[in-house]
>>> print(open('my_file_25.pdb').read())   # PDB, C-alpha atoms
MODEL        1
ATOM      1  CA  MET A  12       0.000   0.000   0.000  1.00  0.00           C
ATOM      2  CA  GLY A  13       2.772   2.497   0.864  1.00  0.00           C
ATOM      3  CA  GLN A  14       0.806   5.591   1.791  1.00  0.00           C
ATOM      4  CA  GLN A  15      -2.809   6.191   2.693  1.00  0.00           C
ATOM      5  CA  ILE A  16      -4.621   9.512   2.924  1.00  0.00           C
ATOM      6  CA  ILE A  17      -6.827   9.629   6.015  1.00  0.00           C
ATOM      7  CA  THR A  18      -9.359  12.214   7.163  1.00  0.00           C
ATOM      8  CA  GLN A  19      -8.577  13.474  10.668  1.00  0.00           C
ATOM      9  CA  PRO A  20     -11.399  14.010  13.204  1.00  0.00           C
ATOM     10  CA  ASP A  21     -11.219  17.774  12.570  1.00  0.00           C
ATOM     11  CA  GLY A  22     -11.678  17.289   8.794  1.00  0.00           C
ATOM     12  CA  ARG A  23      -8.085  18.002   7.842  1.00  0.00           C
ATOM     13  CA  LEU A  24      -6.027  15.347   6.094  1.00  0.00           C
ATOM     14  CA  ALA A  25      -3.132  13.127   7.095  1.00  0.00           C
ATOM     15  CA  VAL A  26      -0.933  10.642   5.260  1.00  0.00           C
ATOM     16  CA  PHE A  27      -0.064   7.376   6.972  1.00  0.00           C
ATOM     17  CA  SER A  28       2.943   5.331   5.837  1.00  0.00           C
ATOM     18  CA  SER A  29       2.589   1.556   5.987  1.00  0.00           C
ATOM     19  CA  ILE A  30       6.377   1.353   5.578  1.00  0.00           C
ATOM     20  CA  THR A  31       7.113   3.132   8.869  1.00  0.00           C
ATOM     21  CA  ASP A  32       3.646   2.735  10.443  1.00  0.00           C
ATOM     22  CA  THR A  33       3.677   6.448  11.241  1.00  0.00           C
ATOM     23  CA  PHE A  34       1.958   9.602  10.030  1.00  0.00           C
ATOM     24  CA  ILE A  35       4.212  11.401   7.566  1.00  0.00           C
ATOM     25  CA  VAL A  36       1.844  14.340   6.993  1.00  0.00           C
ATOM     26  CA  VAL A  37      -0.754  15.753   9.388  1.00  0.00           C
ATOM     27  CA  ASP A  38      -3.107  18.738   9.446  1.00  0.00           C
ATOM     28  CA  ALA A  39      -3.081  19.196   5.661  1.00  0.00           C
ATOM     29  CA  THR A  40      -5.679  20.800   3.450  1.00  0.00           C
ATOM     30  CA  PRO A  41      -6.526  19.103   0.147  1.00  0.00           C
ATOM     31  CA  ASP A  42      -4.445  21.665  -1.768  1.00  0.00           C
ATOM     32  CA  GLU A  43      -1.486  21.260   0.579  1.00  0.00           C
ATOM     33  CA  LEU A  44      -1.619  17.506   0.139  1.00  0.00           C
ATOM     34  CA  VAL A  45      -1.710  17.821  -3.649  1.00  0.00           C
ATOM     35  CA  GLU A  46       1.341  20.109  -3.539  1.00  0.00           C
ATOM     36  CA  TRP A  47       3.172  17.823  -1.109  1.00  0.00           C
ATOM     37  CA  ARG A  48       2.562  14.796  -3.331  1.00  0.00           C
ATOM     38  CA  ALA A  49       3.565  16.756  -6.459  1.00  0.00           C
ATOM     39  CA  GLU A  50       6.831  17.887  -4.852  1.00  0.00           C
ATOM     40  CA  GLU A  51       7.530  14.321  -3.726  1.00  0.00           C
ATOM     41  CA  ALA A  52       7.034  13.104  -7.320  1.00  0.00           C
ATOM     42  CA  ALA A  53       9.193  15.931  -8.674  1.00  0.00           C
ATOM     43  CA  GLU A  54      12.044  15.012  -6.330  1.00  0.00           C
ATOM     44  CA  GLN A  55      11.825  11.376  -7.420  1.00  0.00           C
ATOM     45  CA  ALA A  56      12.004  12.511 -11.062  1.00  0.00           C
ATOM     46  CA  ARG A  57      15.038  14.687 -10.259  1.00  0.00           C
ATOM     47  CA  GLU A  58      16.833  11.750  -8.642  1.00  0.00           C
ATOM     48  CA  ARG A  59      15.971   9.408 -11.531  1.00  0.00           C
ATOM     49  CA  THR A  60      17.238  11.987 -14.021  1.00  0.00           C
ATOM     50  CA  ARG A  61      20.466  12.563 -12.052  1.00  0.00           C
ATOM     51  CA  ARG A  62      21.193   8.808 -12.133  1.00  0.00           C
ATOM     52  CA  GLU A  63      20.435   8.671 -15.863  1.00  0.00           C
ATOM     53  CA  VAL A  64      22.637  11.695 -16.638  1.00  0.00           C
ATOM     54  CA  ASP A  65      25.484  10.285 -14.546  1.00  0.00           C
ATOM     55  CA  LYS A  66      25.427   7.033 -16.534  1.00  0.00           C
ATOM     56  CA  VAL A  67      25.205   8.817 -19.886  1.00  0.00           C
ATOM     57  CA  LEU A  68      28.125  11.106 -18.993  1.00  0.00           C
ATOM     58  CA  ALA A  69      30.126   8.060 -17.846  1.00  0.00           C
ATOM     59  CA  GLY A  70      29.631   6.505 -21.287  1.00  0.00           C
ATOM     60  CA  ASP A  71      27.144   3.905 -20.093  1.00  0.00           C
ATOM     61  CA  SER A  72      24.088   4.920 -22.170  1.00  0.00           C
ATOM     62  CA  GLU A  73      23.492   1.325 -23.196  1.00  0.00           C
ATOM     63  CA  SER A  74      22.600   0.306 -19.625  1.00  0.00           C
ATOM     64  CA  VAL A  75      20.201   3.235 -19.311  1.00  0.00           C
ATOM     65  CA  TYR A  76      18.389   2.486 -22.570  1.00  0.00           C
ATOM     66  CA  HIS A  77      18.745  -1.309 -22.482  1.00  0.00           C
ATOM     67  CA  GLY A  78      20.958  -1.593 -25.534  1.00  0.00           C
ATOM     68  CA  ARG A  79      18.956   0.914 -27.597  1.00  0.00           C
ATOM     69  CA  ALA A  80      20.994   4.067 -27.014  1.00  0.00           C
ATOM     70  CA  LEU A  81      21.125   6.418 -29.990  1.00  0.00           C
ATOM     71  CA  SER A  82      24.259   8.155 -31.173  1.00  0.00           C
ATOM     72  CA  TRP A  83      24.110  11.889 -31.854  1.00  0.00           C
ATOM     73  CA  GLU A  84      24.328  11.191 -35.580  1.00  0.00           C
ATOM     74  CA  ASP A  85      21.443   8.703 -35.580  1.00  0.00           C
ATOM     75  CA  ALA A  86      19.239  10.947 -33.460  1.00  0.00           C
ATOM     76  CA  ALA A  87      20.023  14.010 -35.638  1.00  0.00           C
ATOM     77  CA  ARG A  88      19.232  12.041 -38.814  1.00  0.00           C
ATOM     78  CA  MET A  89      15.906  10.877 -37.385  1.00  0.00           C
ATOM     79  CA  ASP A  90      15.139  14.427 -36.258  1.00  0.00           C
ATOM     80  CA  ARG A  91      15.795  15.792 -39.770  1.00  0.00           C
ATOM     81  CA  GLU A  92      13.681  13.032 -41.334  1.00  0.00           C
ATOM     82  CA  HIS A  93      10.763  14.090 -39.142  1.00  0.00           C
ATOM     83  CA  GLY A  94      10.995  17.829 -39.749  1.00  0.00           C
ATOM     84  CA  GLY A  95      13.305  18.805 -36.910  1.00  0.00           C
ATOM     85  CA  GLU A  96      15.698  21.726 -36.920  1.00  0.00           C
ATOM     86  CA  LEU A  97      19.053  19.868 -36.871  1.00  0.00           C
TER      87      LEU A  97
ENDMDL
END
>>> encode(input="my_file_25.pdb", output="structure tokens")
Amino acid sequence: MGQQIITQPDGRLAVFSSITDTFIVVDATPDELVEWRAEEAAEQARERTRREVDKVLAGDSESVYHGRALSWEDAARMDREHGGEL
């Protein structure tokens, strides 16, 4: 399950983690909870992208793209073929 949104007795919202069995957010409004969840997702995307960039810069694109990494030349050719600017 991971996380569950729960209505508090006063009508505000909380998030309970089944990983830690603790509340990780309390006294939130619906908008605050949406923003909290969006920021959490954004941080996960940042971390995923950092790992991907690190591998690409280390010359390990093949592991990132499971053997389907494009070279600059191949990507530029495909871009041109489809109306791109390069």
>>> resolve_selection(input="my_file_25.pdb", expression="the PyMOL selection byres ((chain A and resi 97) around 12)", output="ChimeraX atom specification")
/A:83-96
>>> closest_residue(input="my_file_25.pdb", among="A:Gln55, A:Ser72, A:Thr18, A:Thr60", to="Val36 of chain A", atoms="only C-alpha atoms")
A:Thr18
>>> atom_distance(input="my_file_25.pdb", atom1="atom CA of Val37 of chain A", atom2="atom CA of Gln14 of chain A")
12.8 Å
>>> resolve_selection(input="my_file_25.pdb", expression="the PyMOL selection byres ((chain A and resi 16) around 8)", output="ChimeraX atom specification")
/A:14-15,17-18,24-27
>>> residues_around(input="my_file_25.pdb", residues="Glu63 of chain A", least_positions_apart="6", cutoff="10 Å", atoms="all atoms listed in the file", output="list of chain:residue names")
A:Arg57, A:Ala69, A:Asp71, A:Ser72, A:Ser74, A:Val75, A:Tyr76
>>> atom_distance(input="my_file_25.pdb", atom1="atom CA of Pro20 of chain A", atom2="atom CA of Val45 of chain A")
19.8 Å
>>> axis_aligned_box(input="my_file_25.pdb", around="segment 73-92 of chain A", padding_each_side="8 Å", output="AutoDock Vina command-line options")
--center_x 19.0 --center_y 7.1 --center_z -30.3 --size_x 26.6 --size_y 33.4 --size_z 38.0
>>> atom_distance(input="my_file_25.pdb", atom1="atom CA of Leu81 of chain A", atom2="atom CA of Ala52 of chain A")
27.5 Å
>>> build_atoms(input="my_file_25.pdb", residues="segment 29-40 of chain A", atoms="all heavy atoms", output="PDB file, in the frame of the given file")
ATOM      1  N   SER A  29       2.587   2.950   5.536  1.00  0.00           N
ATOM      2  CA  SER A  29       2.589   1.556   5.987  1.00  0.00           C
ATOM      3  C   SER A  29       4.011   1.001   6.017  1.00  0.00           C
ATOM      4  O   SER A  29       4.234  -0.092   6.531  1.00  0.00           O
ATOM      5  CB  SER A  29       1.709   0.696   5.081  1.00  0.00           C
ATOM      6  OG  SER A  29       2.232   0.672   3.769  1.00  0.00           O
ATOM      7  N   ILE A  30       4.971   1.760   5.506  1.00  0.00           N
ATOM      8  CA  ILE A  30       6.377   1.353   5.578  1.00  0.00           C
ATOM      9  C   ILE A  30       6.900   1.586   6.991  1.00  0.00           C
ATOM     10  O   ILE A  30       7.535   0.723   7.587  1.00  0.00           O
ATOM     11  CB  ILE A  30       7.242   2.142   4.557  1.00  0.00           C
ATOM     12  CG1 ILE A  30       6.687   2.038   3.138  1.00  0.00           C
ATOM     13  CG2 ILE A  30       8.701   1.709   4.623  1.00  0.00           C
ATOM     14  CD1 ILE A  30       6.632   0.659   2.560  1.00  0.00           C
ATOM     15  N   THR A  31       6.618   2.782   7.531  1.00  0.00           N
ATOM     16  CA  THR A  31       7.113   3.132   8.869  1.00  0.00           C
ATOM     17  C   THR A  31       6.039   3.006   9.950  1.00  0.00           C
ATOM     18  O   THR A  31       6.346   3.148  11.132  1.00  0.00           O
ATOM     19  CB  THR A  31       7.637   4.581   8.882  1.00  0.00           C
ATOM     20  OG1 THR A  31       6.554   5.471   8.554  1.00  0.00           O
ATOM     21  CG2 THR A  31       8.781   4.760   7.898  1.00  0.00           C
ATOM     22  N   ASP A  32       4.788   2.765   9.516  1.00  0.00           N
ATOM     23  CA  ASP A  32       3.646   2.735  10.443  1.00  0.00           C
ATOM     24  C   ASP A  32       3.543   4.015  11.268  1.00  0.00           C
ATOM     25  O   ASP A  32       3.277   3.997  12.467  1.00  0.00           O
ATOM     26  CB  ASP A  32       3.704   1.509  11.365  1.00  0.00           C
ATOM     27  CG  ASP A  32       3.336   0.232  10.635  1.00  0.00           C
ATOM     28  OD1 ASP A  32       2.729   0.305   9.548  1.00  0.00           O
ATOM     29  OD2 ASP A  32       3.660  -0.859  11.150  1.00  0.00           O
ATOM     30  N   THR A  33       3.766   5.139  10.595  1.00  0.00           N
ATOM     31  CA  THR A  33       3.677   6.448  11.241  1.00  0.00           C
ATOM     32  C   THR A  33       2.990   7.429  10.287  1.00  0.00           C
ATOM     33  O   THR A  33       2.969   7.210   9.072  1.00  0.00           O
ATOM     34  CB  THR A  33       5.074   7.024  11.587  1.00  0.00           C
ATOM     35  OG1 THR A  33       5.835   7.160  10.379  1.00  0.00           O
ATOM     36  CG2 THR A  33       5.815   6.135  12.576  1.00  0.00           C
ATOM     37  N   PHE A  34       2.467   8.511  10.852  1.00  0.00           N
ATOM     38  CA  PHE A  34       1.958   9.602  10.030  1.00  0.00           C
ATOM     39  C   PHE A  34       3.160  10.363   9.469  1.00  0.00           C
ATOM     40  O   PHE A  34       4.075  10.718  10.217  1.00  0.00           O
ATOM     41  CB  PHE A  34       1.070  10.547  10.847  1.00  0.00           C
ATOM     42  CG  PHE A  34      -0.278   9.968  11.157  1.00  0.00           C
ATOM     43  CD1 PHE A  34      -0.577   9.514  12.429  1.00  0.00           C
ATOM     44  CD2 PHE A  34      -1.244   9.872  10.168  1.00  0.00           C
ATOM     45  CE1 PHE A  34      -1.824   8.980  12.714  1.00  0.00           C
ATOM     46  CE2 PHE A  34      -2.497   9.351  10.440  1.00  0.00           C
ATOM     47  CZ  PHE A  34      -2.786   8.890  11.719  1.00  0.00           C
ATOM     48  N   ILE A  35       3.129  10.634   8.180  1.00  0.00           N
ATOM     49  CA  ILE A  35       4.212  11.401   7.566  1.00  0.00           C
ATOM     50  C   ILE A  35       3.747  12.801   7.168  1.00  0.00           C
ATOM     51  O   ILE A  35       4.570  13.651   6.860  1.00  0.00           O
ATOM     52  CB  ILE A  35       4.845  10.649   6.378  1.00  0.00           C
ATOM     53  CG1 ILE A  35       3.797  10.246   5.345  1.00  0.00           C
ATOM     54  CG2 ILE A  35       5.605   9.431   6.878  1.00  0.00           C
ATOM     55  CD1 ILE A  35       4.366   9.556   4.114  1.00  0.00           C
ATOM     56  N   VAL A  36       2.439  13.015   7.189  1.00  0.00           N
ATOM     57  CA  VAL A  36       1.844  14.340   6.993  1.00  0.00           C
ATOM     58  C   VAL A  36       0.628  14.408   7.906  1.00  0.00           C
ATOM     59  O   VAL A  36      -0.126  13.439   7.994  1.00  0.00           O
ATOM     60  CB  VAL A  36       1.399  14.571   5.529  1.00  0.00           C
ATOM     61  CG1 VAL A  36       0.678  15.895   5.384  1.00  0.00           C
ATOM     62  CG2 VAL A  36       2.570  14.495   4.570  1.00  0.00           C
ATOM     63  N   VAL A  37       0.447  15.526   8.579  1.00  0.00           N
ATOM     64  CA  VAL A  37      -0.754  15.753   9.388  1.00  0.00           C
ATOM     65  C   VAL A  37      -1.231  17.186   9.180  1.00  0.00           C
ATOM     66  O   VAL A  37      -0.464  18.056   8.759  1.00  0.00           O
ATOM     67  CB  VAL A  37      -0.524  15.491  10.896  1.00  0.00           C
ATOM     68  CG1 VAL A  37      -0.245  14.022  11.162  1.00  0.00           C
ATOM     69  CG2 VAL A  37       0.597  16.347  11.438  1.00  0.00           C
ATOM     70  N   ASP A  38      -2.497  17.401   9.481  1.00  0.00           N
ATOM     71  CA  ASP A  38      -3.107  18.738   9.446  1.00  0.00           C
ATOM     72  C   ASP A  38      -3.025  19.412   8.077  1.00  0.00           C
ATOM     73  O   ASP A  38      -2.844  20.628   7.976  1.00  0.00           O
ATOM     74  CB  ASP A  38      -2.468  19.667  10.496  1.00  0.00           C
ATOM     75  CG  ASP A  38      -2.719  19.175  11.911  1.00  0.00           C
ATOM     76  OD1 ASP A  38      -3.792  18.590  12.145  1.00  0.00           O
ATOM     77  OD2 ASP A  38      -1.841  19.369  12.767  1.00  0.00           O
ATOM     78  N   ALA A  39      -3.183  18.641   7.016  1.00  0.00           N
ATOM     79  CA  ALA A  39      -3.081  19.196   5.661  1.00  0.00           C
ATOM     80  C   ALA A  39      -4.458  19.503   5.089  1.00  0.00           C
ATOM     81  O   ALA A  39      -5.443  18.822   5.384  1.00  0.00           O
ATOM     82  CB  ALA A  39      -2.358  18.208   4.749  1.00  0.00           C
ATOM     83  N   THR A  40      -4.488  20.532   4.256  1.00  0.00           N
ATOM     84  CA  THR A  40      -5.679  20.800   3.450  1.00  0.00           C
ATOM     85  C   THR A  40      -5.559  19.974   2.170  1.00  0.00           C
ATOM     86  O   THR A  40      -4.463  19.480   1.847  1.00  0.00           O
ATOM     87  CB  THR A  40      -5.764  22.291   3.073  1.00  0.00           C
ATOM     88  OG1 THR A  40      -4.664  22.603   2.214  1.00  0.00           O
ATOM     89  CG2 THR A  40      -5.764  23.188   4.294  1.00  0.00           C
TER      90      THR A  40
END
